[in-house]
$ cat upload_1.csv   # CSV, C-alpha atoms
chain,number,residue,atom,x,y,z
A,1,MET,CA,-14.2,4.7,-11.9
A,2,GLU,CA,-11.5,3.2,-14.2
A,3,PHE,CA,-8.4,2.0,-12.2
A,4,PHE,CA,-5.7,4.2,-13.8
A,5,GLU,CA,-7.9,7.2,-13.7
A,6,THR,CA,-8.4,6.5,-9.9
A,7,VAL,CA,-4.7,6.4,-9.4
A,8,GLU,CA,-4.2,9.6,-11.2
A,9,LYS,CA,-7.0,11.4,-9.3
A,10,ARG,CA,-5.9,10.4,-5.8
A,11,TYR,CA,-4.2,13.1,-3.8
A,12,THR,CA,-3.5,14.0,-0.2
A,13,HIS,CA,-6.2,16.4,1.0
A,14,LYS,CA,-5.1,18.3,4.0
A,15,GLU,CA,-7.6,21.1,3.7
A,16,ARG,CA,-11.3,21.4,4.8
A,17,PHE,CA,-14.1,18.9,4.0
A,18,LEU,CA,-17.7,19.8,3.3
A,19,ASN,CA,-20.0,19.5,6.3
A,20,GLU,CA,-21.9,16.5,4.8
A,21,PRO,CA,-22.5,13.0,6.2
A,22,VAL,CA,-20.9,10.1,4.3
A,23,PRO,CA,-23.3,7.3,3.5
A,24,ARG,CA,-22.5,4.1,5.4
A,25,GLU,CA,-22.6,2.1,2.2
A,26,HIS,CA,-19.7,4.2,0.8
A,27,LEU,CA,-17.7,3.9,4.0
A,28,GLU,CA,-18.2,0.1,3.9
A,29,ALA,CA,-17.1,-0.1,0.3
A,30,ILE,CA,-14.0,1.8,1.2
A,31,ALA,CA,-13.3,-0.3,4.3
A,32,HIS,CA,-13.9,-3.6,2.4
A,33,ALA,CA,-11.4,-2.5,-0.3
A,34,GLY,CA,-8.9,-2.0,2.6
A,35,LEU,CA,-9.6,-5.4,4.0
A,36,ALA,CA,-9.1,-7.0,0.5
A,37,ALA,CA,-5.5,-5.9,0.4
A,38,PRO,CA,-2.8,-8.6,0.7
A,39,SER,CA,-1.1,-9.2,4.0
A,40,GLY,CA,2.2,-10.9,4.8
A,41,CYS,CA,1.8,-14.6,5.3
A,42,ASN,CA,-2.0,-13.9,4.9
A,43,ALA,CA,-2.0,-13.0,8.6
A,44,GLN,CA,-4.6,-10.3,8.1
A,45,SER,CA,-3.2,-8.2,10.9
A,46,VAL,CA,-5.3,-5.2,10.0
A,47,SER,CA,-8.7,-4.3,11.5
A,48,LEU,CA,-10.8,-1.2,10.9
A,49,ILE,CA,-13.3,1.0,12.7
A,50,ILE,CA,-15.6,3.2,10.8
A,51,ILE,CA,-16.3,6.3,12.9
A,52,ASP,CA,-19.2,8.5,12.0
A,53,ASP,CA,-20.8,9.1,15.4
A,54,PRO,CA,-20.2,12.8,16.1
A,55,SER,CA,-19.7,12.3,19.8
A,56,VAL,CA,-16.9,9.7,19.2
A,57,LEU,CA,-15.3,12.0,16.6
A,58,ASP,CA,-15.3,14.8,19.1
A,59,LYS,CA,-13.7,12.7,21.7
A,60,LEU,CA,-10.9,11.7,19.3
A,61,ARG,CA,-10.4,15.3,18.2
A,62,GLY,CA,-10.1,16.2,21.9
A,63,ILE,CA,-7.1,14.0,22.2
A,64,ALA,CA,-5.3,15.1,19.1
A,65,THR,CA,-6.4,16.6,15.8
A,66,SER,CA,-5.0,17.8,12.6
A,67,ALA,CA,-5.9,19.7,9.4
A,68,GLY,CA,-8.6,17.7,7.6
A,69,LEU,CA,-9.7,15.7,10.7
A,70,ASP,CA,-11.1,18.9,12.3
A,71,THR,CA,-13.8,19.3,9.7
A,72,VAL,CA,-14.6,15.8,8.5
A,73,ARG,CA,-17.8,13.9,9.3
A,74,ALA,CA,-16.3,10.3,9.0
A,75,VAL,CA,-13.0,8.6,9.5
A,76,ILE,CA,-11.7,5.1,9.3
A,77,ALA,CA,-9.3,4.1,12.1
A,78,VAL,CA,-6.6,1.6,10.9
A,79,MET,CA,-5.3,-0.8,13.5
A,80,THR,CA,-2.9,-3.7,13.5
A,81,ASP,CA,-2.8,-6.6,15.9
A,82,PRO,CA,0.9,-7.3,16.8
A,83,THR,CA,0.0,-10.8,18.1
A,84,THR,CA,-0.6,-11.9,14.4
A,85,GLN,CA,3.1,-11.3,13.7
A,86,THR,CA,6.4,-13.1,14.5
A,87,ASN,CA,9.6,-11.3,15.7
A,88,ASP,CA,11.4,-12.5,12.6
A,89,THR,CA,8.8,-11.4,10.0
A,90,ASN,CA,6.7,-8.5,11.2
A,91,TYR,CA,4.6,-7.2,8.3
A,92,GLU,CA,2.4,-4.8,10.2
A,93,LYS,CA,3.6,-1.8,8.3
A,94,GLU,CA,3.3,-3.5,5.0
A,95,ASP,CA,-0.1,-4.8,5.8
A,96,TYR,CA,-1.6,-1.5,7.0
A,97,SER,CA,0.0,0.5,4.2
A,98,ALA,CA,-1.4,-1.8,1.5
A,99,ALA,CA,-4.8,-1.5,3.2
A,100,VAL,CA,-4.5,2.3,3.4
A,101,GLU,CA,-3.6,2.6,-0.2
A,102,ASN,CA,-6.6,0.6,-1.3
A,103,MET,CA,-8.8,2.8,0.8
A,104,LEU,CA,-7.3,6.1,-0.5
A,105,LEU,CA,-8.0,4.8,-4.0
A,106,ALA,CA,-11.5,3.5,-3.1
A,107,ALA,CA,-12.4,6.9,-1.6
A,108,THR,CA,-11.2,8.6,-4.8
A,109,ALA,CA,-13.2,6.2,-7.0
A,110,LEU,CA,-16.3,7.2,-5.0
A,111,GLY,CA,-15.7,10.9,-5.3
A,112,TYR,CA,-14.2,11.5,-1.9
A,113,ALA,CA,-10.9,12.9,-0.7
A,114,SER,CA,-8.8,11.6,2.1
A,115,VAL,CA,-5.4,11.9,3.7
A,116,TRP,CA,-3.0,9.4,5.3
A,117,LEU,CA,-2.9,10.9,8.7
A,118,ASP,CA,-0.2,9.7,11.0
A,119,GLY,CA,1.6,12.6,12.5
A,120,ILE,CA,-0.8,12.9,15.4
A,121,LEU,CA,-0.4,9.2,16.1
A,122,ILE,CA,3.4,8.9,16.2
A,123,ASP,CA,3.1,9.6,19.9
A,124,ARG,CA,2.2,6.1,21.3
A,125,LYS,CA,0.4,7.8,24.2
A,126,ALA,CA,-2.0,9.5,21.8
A,127,GLN,CA,-2.5,6.2,20.0
A,128,GLN,CA,-3.4,4.5,23.3
A,129,GLU,CA,-5.9,7.3,24.2
A,130,TYR,CA,-7.5,6.8,20.8
A,131,LEU,CA,-7.7,3.1,21.4
A,132,ARG,CA,-9.2,3.5,24.8
A,133,VAL,CA,-12.0,5.8,23.4
A,134,LEU,CA,-12.7,3.2,20.7
A,135,GLY,CA,-12.7,0.3,23.2
A,136,ALA,CA,-9.9,-1.4,21.4
A,137,PRO,CA,-7.1,-3.4,23.0
A,138,GLU,CA,-4.3,-1.1,24.1
A,139,SER,CA,-1.8,-3.6,22.8
A,140,PHE,CA,-3.0,-2.9,19.3
A,141,HIS,CA,-1.2,-0.4,17.1
A,142,LEU,CA,-3.2,2.5,15.5
A,143,PRO,CA,-0.7,3.9,13.0
A,144,THR,CA,-3.2,5.8,10.8
A,145,ILE,CA,-6.6,7.3,10.6
A,146,LEU,CA,-8.2,8.3,7.3
A,147,PRO,CA,-10.7,11.2,7.1
A,148,ILE,CA,-13.2,10.5,4.4
A,149,GLY,CA,-15.3,13.3,2.9
A,150,LYS,CA,-16.1,15.5,-0.1
A,151,PRO,CA,-13.4,18.1,-0.3
A,152,ASP,CA,-14.3,21.8,0.3
A,153,GLY,CA,-12.4,23.1,-2.7
A,154,ALA,CA,-9.8,21.6,-5.0
A,155,GLY,CA,-7.0,21.0,-2.4
A,156,MET,CA,-3.3,21.4,-3.0
A,157,ARG,CA,-1.4,18.8,-5.1
A,158,ARG,CA,2.1,17.9,-4.0
A,159,ILE,CA,4.7,18.0,-6.7
A,160,LYS,CA,6.5,14.8,-7.7
A,161,ARG,CA,9.8,14.4,-9.3
A,162,PRO,CA,9.5,13.2,-13.0
A,163,TYR,CA,9.0,9.5,-13.1
A,164,SER,CA,12.0,9.2,-15.4
A,165,GLU,CA,14.2,10.1,-12.4
A,166,ARG,CA,12.9,7.1,-10.4
A,167,LEU,CA,12.5,4.4,-13.1
A,168,SER,CA,15.2,2.6,-15.1
A,169,TYR,CA,15.4,-0.5,-17.2
A,170,ASN,CA,17.5,-3.6,-16.4
A,171,GLN,CA,20.2,-1.5,-14.9
A,172,PHE,CA,20.1,1.4,-12.3
A,173,LYS,CA,20.9,4.5,-14.3
A,174,PHE,CA,21.1,7.4,-11.9
B,1,MET,CA,-10.9,-2.0,-15.5
B,2,GLU,CA,-13.2,-0.6,-12.9
B,3,PHE,CA,-11.5,0.1,-9.6
B,4,PHE,CA,-13.5,-2.1,-7.3
B,5,GLU,CA,-13.5,-5.0,-9.8
B,6,THR,CA,-9.7,-4.6,-9.9
B,7,VAL,CA,-9.5,-4.9,-6.1
B,8,GLU,CA,-11.7,-8.0,-6.1
B,9,LYS,CA,-9.7,-9.7,-8.9
B,10,ARG,CA,-6.2,-9.1,-7.4
B,11,TYR,CA,-4.7,-12.2,-5.9
B,12,THR,CA,-1.3,-13.5,-5.0
B,13,HIS,CA,0.0,-15.7,-7.8
B,14,LYS,CA,2.7,-18.1,-6.6
B,15,GLU,CA,2.4,-20.5,-9.5
B,16,ARG,CA,3.8,-20.6,-13.0
B,17,PHE,CA,3.5,-17.8,-15.6
B,18,LEU,CA,3.0,-18.2,-19.3
B,19,ASN,CA,6.3,-18.0,-21.3
B,20,GLU,CA,5.3,-14.7,-23.1
B,21,PRO,CA,7.1,-11.4,-23.1
B,22,VAL,CA,5.3,-8.5,-21.4
B,23,PRO,CA,5.1,-5.3,-23.6
B,24,ARG,CA,7.1,-2.4,-22.3
B,25,GLU,CA,4.2,-0.1,-22.4
B,26,HIS,CA,2.3,-2.3,-19.9
B,27,LEU,CA,5.3,-2.6,-17.6
B,28,GLU,CA,5.6,1.2,-17.7
B,29,ALA,CA,2.0,1.7,-16.9
B,30,ILE,CA,2.3,-0.6,-13.9
B,31,ALA,CA,5.5,1.2,-12.8
B,32,HIS,CA,4.0,4.6,-13.2
B,33,ALA,CA,1.1,3.6,-11.0
B,34,GLY,CA,3.6,2.6,-8.4
B,35,LEU,CA,5.4,5.9,-8.5
B,36,ALA,CA,2.1,7.7,-8.3
B,37,ALA,CA,1.5,6.3,-4.8
B,38,PRO,CA,1.8,8.7,-1.8
B,39,SER,CA,4.9,8.8,0.3
B,40,GLY,CA,5.6,10.0,3.8
B,41,CYS,CA,6.5,13.8,3.8
B,42,ASN,CA,6.4,13.4,0.0
B,43,ALA,CA,10.0,12.2,0.1
B,44,GLN,CA,9.4,9.8,-2.8
B,45,SER,CA,11.9,7.2,-1.4
B,46,VAL,CA,10.9,4.6,-3.9
B,47,SER,CA,12.6,3.9,-7.2
B,48,LEU,CA,12.0,1.1,-9.6
B,49,ILE,CA,13.8,-1.0,-12.1
B,50,ILE,CA,11.9,-2.8,-14.9
B,51,ILE,CA,13.8,-6.0,-15.7
B,52,ASP,CA,12.9,-7.8,-18.9
B,53,ASP,CA,16.4,-8.7,-20.2
B,54,PRO,CA,16.6,-12.5,-20.0
B,55,SER,CA,20.3,-12.4,-19.1
B,56,VAL,CA,19.7,-10.0,-16.1
B,57,LEU,CA,16.7,-12.1,-15.0
B,58,ASP,CA,19.0,-15.2,-15.1
B,59,LYS,CA,21.6,-13.5,-13.0
B,60,LEU,CA,19.0,-12.6,-10.4
B,61,ARG,CA,17.6,-16.1,-10.3
B,62,GLY,CA,21.1,-17.4,-9.9
B,63,ILE,CA,21.3,-15.5,-6.6
B,64,ALA,CA,17.9,-16.4,-5.2
B,65,THR,CA,14.7,-17.5,-6.7
B,66,SER,CA,11.2,-18.5,-5.7
B,67,ALA,CA,8.0,-19.9,-7.1
B,68,GLY,CA,6.7,-17.4,-9.7
B,69,LEU,CA,10.1,-15.8,-10.3
B,70,ASP,CA,11.5,-18.9,-11.9
B,71,THR,CA,9.1,-18.8,-14.9
B,72,VAL,CA,8.2,-15.1,-15.4
B,73,ARG,CA,9.6,-13.0,-18.2
B,74,ALA,CA,9.5,-9.6,-16.5
B,75,VAL,CA,9.9,-8.3,-13.0
B,76,ILE,CA,9.8,-4.9,-11.3
B,77,ALA,CA,12.4,-4.4,-8.6
B,78,VAL,CA,11.3,-2.1,-5.8
B,79,MET,CA,14.0,-0.1,-4.0
B,80,THR,CA,14.0,2.6,-1.3
B,81,ASP,CA,16.7,5.1,-0.7
B,82,PRO,CA,17.3,5.4,3.1
B,83,THR,CA,18.9,8.8,2.7
B,84,THR,CA,15.5,10.3,1.9
B,85,GLN,CA,14.4,9.5,5.5
B,86,THR,CA,15.1,10.8,9.0
B,87,ASN,CA,15.7,8.7,12.0
B,88,ASP,CA,12.5,10.0,13.7
B,89,THR,CA,10.2,9.4,10.8
B,90,ASN,CA,11.3,6.6,8.5
B,91,TYR,CA,8.5,5.8,6.0
B,92,GLU,CA,10.4,3.5,3.7
B,93,LYS,CA,8.1,0.5,4.5
B,94,GLU,CA,4.9,2.6,4.1
B,95,ASP,CA,6.2,4.1,0.9
B,96,TYR,CA,7.2,0.9,-0.9
B,97,SER,CA,4.1,-0.9,0.3
B,98,ALA,CA,1.7,1.7,-1.1
B,99,ALA,CA,3.7,1.6,-4.4
B,100,VAL,CA,3.6,-2.2,-4.5
B,101,GLU,CA,-0.1,-2.2,-3.8
B,102,ASN,CA,-0.7,0.2,-6.7
B,103,MET,CA,1.4,-2.0,-9.0
B,104,LEU,CA,-0.3,-5.2,-8.0
B,105,LEU,CA,-3.6,-3.6,-8.8
B,106,ALA,CA,-2.3,-2.1,-12.0
B,107,ALA,CA,-1.1,-5.5,-13.1
B,108,THR,CA,-4.5,-6.9,-12.4
B,109,ALA,CA,-6.2,-4.1,-14.3
B,110,LEU,CA,-4.1,-5.0,-17.4
B,111,GLY,CA,-4.8,-8.8,-17.2
B,112,TYR,CA,-1.6,-9.8,-15.5
B,113,ALA,CA,-0.9,-11.6,-12.2
B,114,SER,CA,1.8,-10.8,-9.7
B,115,VAL,CA,3.1,-11.7,-6.3
B,116,TRP,CA,4.6,-9.5,-3.5
B,117,LEU,CA,7.9,-11.5,-3.3
B,118,ASP,CA,10.0,-10.7,-0.3
B,119,GLY,CA,11.0,-14.0,1.3
B,120,ILE,CA,14.1,-14.3,-0.8
B,121,LEU,CA,15.1,-10.7,0.1
B,122,ILE,CA,14.8,-10.9,3.9
B,123,ASP,CA,18.5,-11.9,3.8
B,124,ARG,CA,20.3,-8.6,3.4
B,125,LYS,CA,23.2,-10.3,1.6
B,126,ALA,CA,20.8,-11.5,-1.1
B,127,GLN,CA,19.5,-8.0,-1.4
B,128,GLN,CA,23.0,-6.6,-1.8
B,129,GLU,CA,23.9,-9.2,-4.5
B,130,TYR,CA,20.7,-8.3,-6.4
B,131,LEU,CA,21.6,-4.5,-6.1
B,132,ARG,CA,25.1,-5.3,-7.4
B,133,VAL,CA,23.8,-7.1,-10.5
B,134,LEU,CA,21.4,-4.2,-11.1
B,135,GLY,CA,24.2,-1.6,-10.7
B,136,ALA,CA,22.3,0.1,-7.8
B,137,PRO,CA,23.9,1.6,-4.7
B,138,GLU,CA,24.4,-1.1,-2.1
B,139,SER,CA,23.1,1.4,0.5
B,140,PHE,CA,19.7,1.1,-1.0
B,141,HIS,CA,17.1,-1.3,0.3
B,142,LEU,CA,15.5,-3.8,-2.1
B,143,PRO,CA,12.6,-5.2,0.0
B,144,THR,CA,10.5,-6.6,-2.8
B,145,ILE,CA,10.4,-7.7,-6.4
B,146,LEU,CA,7.2,-8.2,-8.4
B,147,PRO,CA,7.0,-10.8,-11.1
B,148,ILE,CA,4.6,-9.6,-13.8
B,149,GLY,CA,3.1,-12.0,-16.3
B,150,LYS,CA,0.0,-13.8,-17.6
B,151,PRO,CA,-0.7,-16.6,-15.2
B,152,ASP,CA,-0.4,-20.2,-16.5
B,153,GLY,CA,-3.7,-21.4,-14.9
B,154,ALA,CA,-6.1,-19.9,-12.4
B,155,GLY,CA,-3.7,-19.8,-9.4
B,156,MET,CA,-4.8,-20.5,-5.8
B,157,ARG,CA,-6.7,-17.9,-3.8
B,158,ARG,CA,-5.9,-17.5,-0.2
B,159,ILE,CA,-8.9,-17.6,2.2
B,160,LYS,CA,-9.6,-14.5,4.2
B,161,ARG,CA,-11.6,-14.2,7.4
B,162,PRO,CA,-15.1,-12.6,6.9
B,163,TYR,CA,-14.7,-8.9,6.8
B,164,SER,CA,-17.3,-8.6,9.6
B,165,GLU,CA,-14.7,-10.0,11.9
B,166,ARG,CA,-12.3,-7.2,11.1
B,167,LEU,CA,-14.6,-4.2,10.8
B,168,SER,CA,-16.6,-2.5,13.5
B,169,TYR,CA,-18.5,0.8,13.8
B,170,ASN,CA,-17.6,3.6,16.3
B,171,GLN,CA,-16.5,1.1,18.9
B,172,PHE,CA,-14.3,-2.0,18.7
B,173,LYS,CA,-16.6,-5.0,19.0
B,174,PHE,CA,-14.5,-8.1,19.1
$ encode --input "upload_1.csv" --output "structure tokens"
Amino acid sequence: MEFFETVEKRYTHKERFLNEPVPREHLEAIAHAGLAAPSGCNAQSVSLIIIDDPSVLDKLRGIATSAGLDTVRAVIAVMTDPTTQTNDTNYEKEDYSAAVENMLLAATALGYASVWLDGILIDRKAQQEYLRVLGAPESFHLPTILPIGKPDGAGMRRIKRPYSERLSYNQFKF
Amino acid sequence: MEFFETVEKRYTHKERFLNEPVPREHLEAIAHAGLAAPSGCNAQSVSLIIIDDPSVLDKLRGIATSAGLDTVRAVIAVMTDPTTQTNDTNYEKEDYSAAVENMLLAATALGYASVWLDGILIDRKAQQEYLRVLGAPESFHLPTILPIGKPDGAGMRRIKRPYSERLSYNQFKF
């Protein structure tokens, strides 16, 4: 899909997904787009786990679930390794956010919908339970998981303020 | 440009830019892609200033400059408004990072190079001097500015670890 069309079509899908498996090659293409994102000082703090095994998905849902996650057949868990960062310049949030945005767009380009799920992971305990089920170091951060699937219906679009209220030229005008 | 090709071609350009103006319509297309990015709770904390007036650029460079910024003819300043956030869920970093990634990709899709410049803005004093020159509220955050221009030469590509070292399936494997 053309880049600007992809940006335009991306939206936050909090509704149901179709009960269809997602081919591994698509999940990999999405994950690779995420790993291709830039990272602060090129530290590459982000690592990903593609989860499409129904028993693992069920275990995760047993800890905490959310609209979207409850019906989807595949997710990508987005982790950061704090040991790649320094106290002075910690780019974990920037790194994972750029990776997530690449993946949301990649999913869109391949005809899928997704949602930047983090509400259920604000609680560090839920994060650590997820990490334990996934066999990942409990020192890692798991700020976000991305459900990936074909949307069951059009999904609601959030309304944005006109861009003219957020963009000015050479001087701030608001 | 096709989405996955855009992701592949994006790189961090820290070298010189050609001394050519960038058409406003291209700068706007890039900025609009940034504003189309998702934001936490749809708070739309990000606002942008396109800067292509040479006298404003010179003033900014007089405060702090960096490789790339010193030769480029246009930049996009990326600001966040902290008042759109709550103490419990502050998504400023996620919001601007997703917007920046969209803009880096949009610049690539239009044949430009860019760089996620933040080193010169880690110092909050430099940020506030920039905000003052731009006429923006000093309470805003200005974490990043993006030079946008045609690269003068190929530019160095940073080396990434193989994706297989950062991606696993259903269980963390490293």
$ calpha_fit_and_write --input "upload_1.csv" --fixed "chain B" --moving "chain A" --output "tab-separated table (two decimals) with C-alpha atoms, in the frame of the given file"
chain	number	residue	atom	x	y	z
A	1	MET	CA	-10.87	-2.03	-15.59
A	2	GLU	CA	-13.27	-0.56	-12.95
A	3	PHE	CA	-11.47	0.12	-9.58
A	4	PHE	CA	-13.53	-2.15	-7.28
A	5	GLU	CA	-13.50	-4.92	-9.77
A	6	THR	CA	-9.62	-4.58	-9.86
A	7	VAL	CA	-9.48	-4.89	-6.14
A	8	GLU	CA	-11.62	-7.92	-6.14
A	9	LYS	CA	-9.64	-9.63	-8.94
A	10	ARG	CA	-6.18	-9.11	-7.44
A	11	TYR	CA	-4.62	-12.16	-5.87
A	12	THR	CA	-1.21	-13.50	-4.96
A	13	HIS	CA	0.01	-15.74	-7.79
A	14	LYS	CA	2.69	-18.04	-6.64
A	15	GLU	CA	2.37	-20.54	-9.44
A	16	ARG	CA	3.78	-20.60	-13.04
A	17	PHE	CA	3.50	-17.77	-15.62
A	18	LEU	CA	3.07	-18.24	-19.34
A	19	ASN	CA	6.29	-18.04	-21.33
A	20	GLU	CA	5.28	-14.73	-23.02
A	21	PRO	CA	7.06	-11.36	-23.13
A	22	VAL	CA	5.30	-8.44	-21.40
A	23	PRO	CA	5.01	-5.35	-23.55
A	24	ARG	CA	7.12	-2.46	-22.26
A	25	GLU	CA	4.16	-0.14	-22.42
A	26	HIS	CA	2.29	-2.35	-19.89
A	27	LEU	CA	5.29	-2.58	-17.60
A	28	GLU	CA	5.61	1.24	-17.70
A	29	ALA	CA	1.96	1.71	-16.90
A	30	ILE	CA	2.37	-0.56	-13.96
A	31	ALA	CA	5.57	1.12	-12.77
A	32	HIS	CA	4.06	4.65	-13.18
A	33	ALA	CA	1.04	3.60	-11.06
A	34	GLY	CA	3.63	2.56	-8.38
A	35	LEU	CA	5.41	5.84	-8.60
A	36	ALA	CA	2.05	7.75	-8.23
A	37	ALA	CA	1.50	6.33	-4.79
A	38	PRO	CA	1.79	8.71	-1.81
A	39	SER	CA	4.96	8.79	0.23
A	40	GLY	CA	5.59	10.07	3.74
A	41	CYS	CA	6.48	13.72	3.78
A	42	ASN	CA	6.39	13.43	-0.09
A	43	ALA	CA	9.97	12.15	0.13
A	44	GLN	CA	9.46	9.78	-2.77
A	45	SER	CA	11.90	7.27	-1.37
A	46	VAL	CA	10.92	4.60	-3.84
A	47	SER	CA	12.65	3.88	-7.17
A	48	LEU	CA	11.96	1.07	-9.63
A	49	ILE	CA	13.77	-1.05	-12.19
A	50	ILE	CA	11.90	-2.81	-14.86
A	51	ILE	CA	13.74	-6.03	-15.70
A	52	ASP	CA	12.92	-7.83	-18.88
A	53	ASP	CA	16.38	-8.63	-20.24
A	54	PRO	CA	16.66	-12.43	-19.97
A	55	SER	CA	20.33	-12.37	-19.11
A	56	VAL	CA	19.72	-10.00	-16.11
A	57	LEU	CA	16.76	-12.16	-14.99
A	58	ASP	CA	18.97	-15.19	-15.07
A	59	LYS	CA	21.59	-13.54	-13.04
A	60	LEU	CA	19.04	-12.57	-10.37
A	61	ARG	CA	17.56	-16.07	-10.35
A	62	GLY	CA	21.11	-17.38	-9.83
A	63	ILE	CA	21.33	-15.52	-6.60
A	64	ALA	CA	17.98	-16.45	-5.20
A	65	THR	CA	14.67	-17.48	-6.73
A	66	SER	CA	11.25	-18.47	-5.75
A	67	ALA	CA	7.98	-19.92	-7.11
A	68	GLY	CA	6.65	-17.49	-9.73
A	69	LEU	CA	10.02	-15.74	-10.34
A	70	ASP	CA	11.43	-18.94	-11.93
A	71	THR	CA	9.08	-18.80	-14.87
A	72	VAL	CA	8.31	-15.13	-15.40
A	73	ARG	CA	9.59	-13.03	-18.30
A	74	ALA	CA	9.50	-9.58	-16.46
A	75	VAL	CA	9.84	-8.27	-12.97
A	76	ILE	CA	9.85	-4.91	-11.33
A	77	ALA	CA	12.49	-4.44	-8.60
A	78	VAL	CA	11.28	-2.10	-5.77
A	79	MET	CA	13.96	-0.12	-4.00
A	80	THR	CA	14.01	2.51	-1.32
A	81	ASP	CA	16.66	5.12	-0.71
A	82	PRO	CA	17.26	5.36	3.11
A	83	THR	CA	18.97	8.78	2.70
A	84	THR	CA	15.47	10.31	1.90
A	85	GLN	CA	14.36	9.44	5.44
A	86	THR	CA	15.01	10.82	8.97
A	87	ASN	CA	15.72	8.60	12.06
A	88	ASP	CA	12.59	9.94	13.70
A	89	THR	CA	10.16	9.38	10.78
A	90	ASN	CA	11.27	6.58	8.50
A	91	TYR	CA	8.47	5.81	6.03
A	92	GLU	CA	10.34	3.44	3.76
A	93	LYS	CA	8.05	0.56	4.47
A	94	GLU	CA	4.97	2.62	4.07
A	95	ASP	CA	6.22	4.15	0.91
A	96	TYR	CA	7.23	0.90	-0.82
A	97	SER	CA	4.11	-0.94	0.31
A	98	ALA	CA	1.79	1.76	-1.07
A	99	ALA	CA	3.78	1.61	-4.32
A	100	VAL	CA	3.58	-2.20	-4.41
A	101	GLU	CA	-0.10	-2.21	-3.86
A	102	ASN	CA	-0.71	0.18	-6.71
A	103	MET	CA	1.37	-2.01	-8.94
A	104	LEU	CA	-0.38	-5.28	-7.92
A	105	LEU	CA	-3.65	-3.56	-8.78
A	106	ALA	CA	-2.30	-2.03	-12.03
A	107	ALA	CA	-1.05	-5.47	-13.15
A	108	THR	CA	-4.50	-6.93	-12.42
A	109	ALA	CA	-6.26	-4.13	-14.33
A	110	LEU	CA	-4.08	-5.03	-17.34
A	111	GLY	CA	-4.79	-8.72	-17.16
A	112	TYR	CA	-1.62	-9.82	-15.44
A	113	ALA	CA	-0.89	-11.65	-12.22
A	114	SER	CA	1.81	-10.86	-9.76
A	115	VAL	CA	3.04	-11.65	-6.29
A	116	TRP	CA	4.63	-9.58	-3.51
A	117	LEU	CA	7.85	-11.43	-3.27
A	118	ASP	CA	9.98	-10.74	-0.27
A	119	GLY	CA	11.02	-13.95	1.33
A	120	ILE	CA	14.09	-14.32	-0.83
A	121	LEU	CA	15.10	-10.77	0.02
A	122	ILE	CA	14.86	-10.85	3.83
A	123	ASP	CA	18.49	-11.90	3.77
A	124	ARG	CA	20.30	-8.50	3.37
A	125	LYS	CA	23.18	-10.32	1.66
A	126	ALA	CA	20.87	-11.51	-1.11
A	127	GLN	CA	19.46	-8.01	-1.41
A	128	GLN	CA	22.98	-6.59	-1.84
A	129	GLU	CA	23.84	-9.21	-4.53
A	130	TYR	CA	20.67	-8.21	-6.36
A	131	LEU	CA	21.64	-4.59	-6.11
A	132	ARG	CA	25.12	-5.20	-7.35
A	133	VAL	CA	23.78	-7.06	-10.48
A	134	LEU	CA	21.42	-4.13	-11.14
A	135	GLY	CA	24.18	-1.53	-10.61
A	136	ALA	CA	22.29	0.08	-7.82
A	137	PRO	CA	23.80	1.62	-4.69
A	138	GLU	CA	24.40	-1.04	-2.07
A	139	SER	CA	23.11	1.33	0.56
A	140	PHE	CA	19.69	1.12	-1.00
A	141	HIS	CA	17.10	-1.30	0.33
A	142	LEU	CA	15.42	-3.80	-2.10
A	143	PRO	CA	12.57	-5.17	0.02
A	144	THR	CA	10.45	-6.57	-2.85
A	145	ILE	CA	10.43	-7.71	-6.39
A	146	LEU	CA	7.22	-8.20	-8.37
A	147	PRO	CA	6.99	-10.81	-11.17
A	148	ILE	CA	4.62	-9.59	-13.81
A	149	GLY	CA	3.07	-12.00	-16.31
A	150	LYS	CA	-0.04	-13.78	-17.59
A	151	PRO	CA	-0.75	-16.59	-15.21
A	152	ASP	CA	-0.42	-20.23	-16.44
A	153	GLY	CA	-3.70	-21.39	-14.95
A	154	ALA	CA	-6.09	-19.91	-12.42
A	155	GLY	CA	-3.73	-19.86	-9.36
A	156	MET	CA	-4.72	-20.55	-5.78
A	157	ARG	CA	-6.73	-17.93	-3.81
A	158	ARG	CA	-5.89	-17.50	-0.15
A	159	ILE	CA	-8.82	-17.56	2.18
A	160	LYS	CA	-9.68	-14.46	4.22
A	161	ARG	CA	-11.54	-14.21	7.39
A	162	PRO	CA	-15.07	-12.61	6.90
A	163	TYR	CA	-14.76	-8.89	6.79
A	164	SER	CA	-17.30	-8.63	9.59
A	165	GLU	CA	-14.63	-10.05	11.93
A	166	ARG	CA	-12.23	-7.17	11.14
A	167	LEU	CA	-14.61	-4.17	10.79
A	168	SER	CA	-16.67	-2.44	13.48
A	169	TYR	CA	-18.48	0.83	13.83
A	170	ASN	CA	-17.59	3.61	16.30
A	171	GLN	CA	-16.56	1.11	18.89
A	172	PHE	CA	-14.26	-2.02	18.71
A	173	LYS	CA	-16.61	-4.95	19.00
A	174	PHE	CA	-14.54	-8.10	19.10
$ closest_residue --input "upload_1.csv" --among "B:Ser139, B:Thr108, B:Ser114, B:Ser168" --to "chain A" --atoms "only C-alpha atoms"
B:Ser168
$ residues_around --input "upload_1.csv" --residues "segment 145-159 of chain B" --least-positions-apart "5" --cutoff "9 Å" --atoms "only C-alpha atoms" --output "PyMOL selection string"
(chain A and resi 42) or (chain B and resi 11-22+27+68-69+72-79+100+103-104+107+111-118+121)
$ interface_residues --input "upload_1.csv" --of "chain B" --to "chain A" --cutoff "6 Å" --atoms "only C-alpha atoms" --output "MDAnalysis selection string"
chainID B and resid 1:3 47:51 94 97:98 101 134:136 166:172
$ atom_distance --input "upload_1.csv" --atom1 "atom CA of Ala126 of chain B" --atom2 "atom CA of Asp70 of chain B"
16.1 Å
